[in-house]
Amino acid sequence: MQRLKPVCSLAFAASLVFAVVLSASPNTNGQDKTKANTDTADVVIYGGTSAGVAAAIQVSRMGRSVILIEPGKHIGGLTAGGLGFTDSGDKKVIGGIAREFYRRIHKHYESPEAWVFEKATAHGRFRPNEDAMWTFEPKVAEALFHEMLTEAKVTLVMTEQLNRATGVKLHGSLIESITMESGRTFRGAQFIDGTYEGDLMAAAGVRYTVGREANSLHNETLNGNQVKANTHNHRFVKNVDPYVKQGEPSSGLLPGIEADGPGVDGTGDHRVQAYCFRMCMSNVPENSVPFPKPDNYDENRYELLFRNFEAGDLRFPLSPDMMPNGKTDTNNNSAFSTDYLGGNYKYPDASYAERAAIIRDHEDYQKGLMWSLANHPRVPESIRKEMSKWGLPKDEFVNNGNWPHQLYIREARRMVSDYVVSELDCRRVRIAEDSVGLGSYNMDSHNVRRFVTAEGFVQNEGDIQVSPGGPYLISYRSIIPSKDQISNLAVPAALSSTHIAFGSIRMEPVFMILGQSAATAAVLAIESKVALQSLPYAKLRERMLKDGQVLDLPPTAHKKVVTSKASLPGIVMDDTDAELTGVWTHSASTGGYVGHDYIHDADVEKGMKTARWTLKAPTSGEFDLRISYSQNPNRATNVPVRITAGDTTRTVTVNQQKTPAVDGLFQKVETLKLKAGEVVEVVVSNEGTNGHVIADAVQLLQVK
């Protein structure tokens, strides 16, 4: 999956950069150029996503000529394509052009004329006293992007697709020009790949990967196959038969179910987290049209949905977050929803024609799902009644049948450079010294597949939603290729990151931040006549700060020291070793835990959640049995811990509002006399508890 290009020295590359700069046009801001001049600029950006738009604006504001090439008909990527409920994390770390965009969103909605179908006071996410707004209509986002590009006098070229086979002309480690499938060529001193797919990066021969790495590769815990950790809501909570004829394996599996079985946790694979359309719906009758039924509708695609309802799972299988004017940003929810599991594995490296077919397949799947939810007789009446409130908005995506023009490419190719951002960065176990922006959102992977459990039922796999515990730094080296690769290309969207770290980075505000940083580096490299890899970070940092970027951790966010199982005496088992029932939530917000985080019951569904560990005495003797939890005032004071050793079972109650007595980490719950090989079972439950229940680790330590 990784590709290499010949090595060229950075000194030679720098001289070539300077040569290209001398031939590039001065900044005429896109006005009164001949066609030949229009196709030459200091910086050429391929991909009009939010990252590409922010990069283009920054280049122009720094006084350099820029061409922004968008292969499609719309700019702004997901921000203008339906993702109006901004996944922002800690908003304080969003600065620069990204912050400016969300401020412009706020300014737009300050006008009474913006509120056509509701009043501003009725929309809970418009707050007059705040400087920015984080929810918006797709058409507003796209219009504001165009407005910002026009103000910056950026040359925008639409509907030009890169010739990915032969369209990148190299001279040593430099890109000299890129040619489109139409034959149109663009020449520049610096290039930026703003695509979600990393198409320019890949065509230039830069190393990249697709899929999930094994946990062992980067010392992670949340990467690779994740059967055991998948305890969240986006899974089957009822037993649903996976076979075409129920109870008959010989009849074959229903569509979308893989025959591989659960597999081994933590192992890497080719799978990519599921895509969907972030659908904009409307609950305003005069601005709604019914969900269309695809011409090739096949109800067999939704047999799992029907069976899941019939098994008793009556959760509404959509997550419609409200935008202004009665519209939504609609996301996946529950066991069977808008995420099309397994339909995207070939997408990252697919040809344009193959991608178009995959996108059409996703559109048919999701349109068929929506029609089914609204109309099919096997859908419960309660669901159909809820669906009757919704339709597609008449005034959005008007040139595409009111359907989003952008498929949510949650991940595709990811560059492999000299710095691979990993789970260690997200958790601040490792802190980059060359920050070009901050992330803070959950490490969030949607499911990647469906399989058949050992019990013979269908289950989803791949869903991970773990907070990093605050903001973290993203390295400059992760948005540029390795030193032995291309020296005048920045990659702010398909950056160098592991699958699980990318699940946090891939938020639209972060892409804007990294796009601006990439553009700043490109211009400074031109001015300094150096390769991107040789640009002094101090110079880059100075300019980024001048332009309002946030580059440093908040004072409360410190580097974390991980207390590993291996560093502790006795037998220690973490929450990742526990057998869980019910839906537990990972967290690292309160210190004092073993490993990278702990799990809690979210103070809901009392009596339905347990964490079970099984330990074995290594020798005969007396042992202290301890449990670990992170103390906090919102914890339960009456957590039942059931201990079974031999024929004896007893329950001890633990007050998790009190700091654990052993190093603030472990609380002794029992002293046991055990024989060598004797098994001890420990079960933490949330039955009858009066607050959050924490399950972190257990320790069996010999004392005599």
# chains A, B, ... in the order shown; residues from 1 in each chain; ligands from 1

call {"tool": "closest_atom_pairs", "arguments": {"of": "region 48-75 of chain A", "to": "region 96-106 of chain A", "cutoff": "9 Å", "atoms": "only C-alpha atoms", "output": "tab-separated table"}}
result
residue	atom	partner	partner_atom	distance
A:Ser50	CA	A:Ala98	CA	8.9
A:Ala54	CA	A:Ile97	CA	6.4
A:Ile57	CA	A:Ile97	CA	8.3
A:Gln58	CA	A:Ile97	CA	7.9

call {"tool": "write_last_selection", "arguments": {"atoms": "N, CA and C atoms", "output": "PDB file, in the first residue's frame"}}
result
ATOM      1  N   SER A  50     -12.776  22.185   2.818  1.00  0.00           N
ATOM      2  CA  SER A  50     -12.557  23.296   3.753  1.00  0.00           C
ATOM      3  C   SER A  50     -11.066  23.535   3.961  1.00  0.00           C
ATOM      4  N   ALA A  54      -9.314  27.175   2.998  1.00  0.00           N
ATOM      5  CA  ALA A  54      -8.542  27.937   3.985  1.00  0.00           C
ATOM      6  C   ALA A  54      -7.119  28.151   3.500  1.00  0.00           C
ATOM      7  N   ILE A  57      -7.028  30.952   0.768  1.00  0.00           N
ATOM      8  CA  ILE A  57      -7.202  32.286   1.353  1.00  0.00           C
ATOM      9  C   ILE A  57      -5.909  32.739   2.017  1.00  0.00           C
ATOM     10  N   GLN A  58      -5.247  31.835   2.746  1.00  0.00           N
ATOM     11  CA  GLN A  58      -4.020  32.200   3.440  1.00  0.00           C
ATOM     12  C   GLN A  58      -2.906  32.562   2.460  1.00  0.00           C
TER      13      GLN A  58
END

call {"tool": "residues_around", "arguments": {"residues": "Pro242 (chain A)", "least_positions_apart": "2", "cutoff": "7 Å", "atoms": "only C-alpha atoms", "output": "ChimeraX atom specification"}}
result
/A:240,244,253-254,452,457-458

call {"tool": "residues_around", "arguments": {"residues": "Val448 (chain A)", "least_positions_apart": "3", "cutoff": "9 Å", "atoms": "only C-alpha atoms", "output": "VMD selection string"}}
result
chain A and resid 271 to 274 340 to 342 345 445 460 to 463

call {"tool": "residues_around", "arguments": {"residues": "Val550 (chain A)", "least_positions_apart": "2", "cutoff": "12 Å", "atoms": "only C-alpha atoms", "output": "ChimeraX atom specification"}}
result
/A:90-99,435-439,471-474,510,513-514,516-517,541-548,552-554

call {"tool": "closest_atom_pairs", "arguments": {"of": "region 294-406 of chain A", "to": "region 66-89 of chain A", "cutoff": "6 Å", "atoms": "only C-alpha atoms", "output": "JSON lines"}}
result
{"residue": "A:Asp329", "atom": "CA", "partner": "A:Gly84", "partner_atom": "CA", "distance": 5.7}
{"residue": "A:Pro404", "atom": "CA", "partner": "A:Gly81", "partner_atom": "CA", "distance": 5.6}
{"residue": "A:Gln406", "atom": "CA", "partner": "A:Gly81", "partner_atom": "CA", "distance": 5.2}

call {"tool": "write_last_selection", "arguments": {"atoms": "C-alpha atoms", "output": "PDB file, in the first residue's frame"}}
result
ATOM      1  CA  ASP A 329     -27.514  17.586  10.048  1.00  0.00           C
ATOM      2  CA  PRO A 404     -26.107  16.307  -0.535  1.00  0.00           C
ATOM      3  CA  GLN A 406     -20.656  15.344  -0.962  1.00  0.00           C
TER       4      GLN A 406
END

call {"tool": "closest_residue", "arguments": {"among": "A:Glu220, A:Asp339, A:Glu110, A:Asp696", "to": "Leu580 (chain A)", "atoms": "only C-alpha atoms"}}
result
A:Asp696

call {"tool": "closest_residue", "arguments": {"among": "A:Asp663, A:Glu142, A:Asp395, A:Glu622", "to": "Lys675 (chain A)", "atoms": "only C-alpha atoms"}}
result
A:Glu622

call {"tool": "residues_around", "arguments": {"residues": "Lys539 (chain A)", "least_positions_apart": "4", "cutoff": "12 Å", "atoms": "only C-alpha atoms", "output": "list in words"}}
result
Asp434, Thr520, Ala521, Val523, Leu524, Ala525, Glu527, Ser528, Ser534, Leu535, Arg543, Met544, Leu545 and Lys546 of chain A

call {"tool": "closest_residue", "arguments": {"among": "A:Ser319, A:Thr330, A:Thr49, A:Ser177", "to": "Met279 (chain A)", "atoms": "only C-alpha atoms"}}
result
A:Thr330

call {"tool": "residues_around", "arguments": {"residues": "Pro290 (chain A)", "least_positions_apart": "2", "cutoff": "8 Å", "atoms": "only C-alpha atoms", "output": "PDB file with C-alpha atoms, in the first residue's frame"}}
result
ATOM      1  CA  SER A 288     -39.940  19.827   2.394  1.00  0.00           C
ATOM      2  CA  PRO A 292     -37.576   9.537  -3.001  1.00  0.00           C
ATOM      3  CA  TRP A 390     -39.308  14.983   7.897  1.00  0.00           C
ATOM      4  CA  GLY A 391     -38.447  15.446   4.238  1.00  0.00           C
ATOM      5  CA  LEU A 392     -35.637  16.848   2.123  1.00  0.00           C
TER       6      LEU A 392
END

call {"tool": "residues_around", "arguments": {"residues": "Thr453 (chain A)", "least_positions_apart": "3", "cutoff": "12 Å", "atoms": "only C-alpha atoms", "output": "ChimeraX atom specification"}}
result
/A:227-228,236,239-242,257-263,450,456-461

call {"tool": "select_by_dssp", "arguments": {"residues": "region 142-290 of chain A", "states": "helix (DSSP H, G or I)", "output": "VMD selection string"}}
result
chain A and resid 142 to 151 199 to 203 215 to 217 285 to 287

call {"tool": "closest_residue", "arguments": {"among": "A:His558, A:His405, A:Arg164, A:Arg410", "to": "Gly591 (chain A)", "atoms": "only C-alpha atoms"}}
result
A:His558

call {"tool": "closest_residue", "arguments": {"among": "A:Gln190, A:His692, A:Val683, A:Leu568", "to": "Asn655 (chain A)", "atoms": "only C-alpha atoms"}}
result
A:His692

call {"tool": "atom_distance", "arguments": {"atom1": "CA of Ala202 (chain A)", "atom2": "CA of His146 (chain A)"}}
result
27.9 Å

call {"tool": "closest_residue", "arguments": {"among": "A:Ala189, A:Ile358, A:Met323, A:Ala588", "to": "Ala120 (chain A)", "atoms": "only C-alpha atoms"}}
result
A:Met323

call {"tool": "atom_distance", "arguments": {"atom1": "CA of Ala519 (chain A)", "atom2": "CA of Ala557 (chain A)"}}
result
27.6 Å
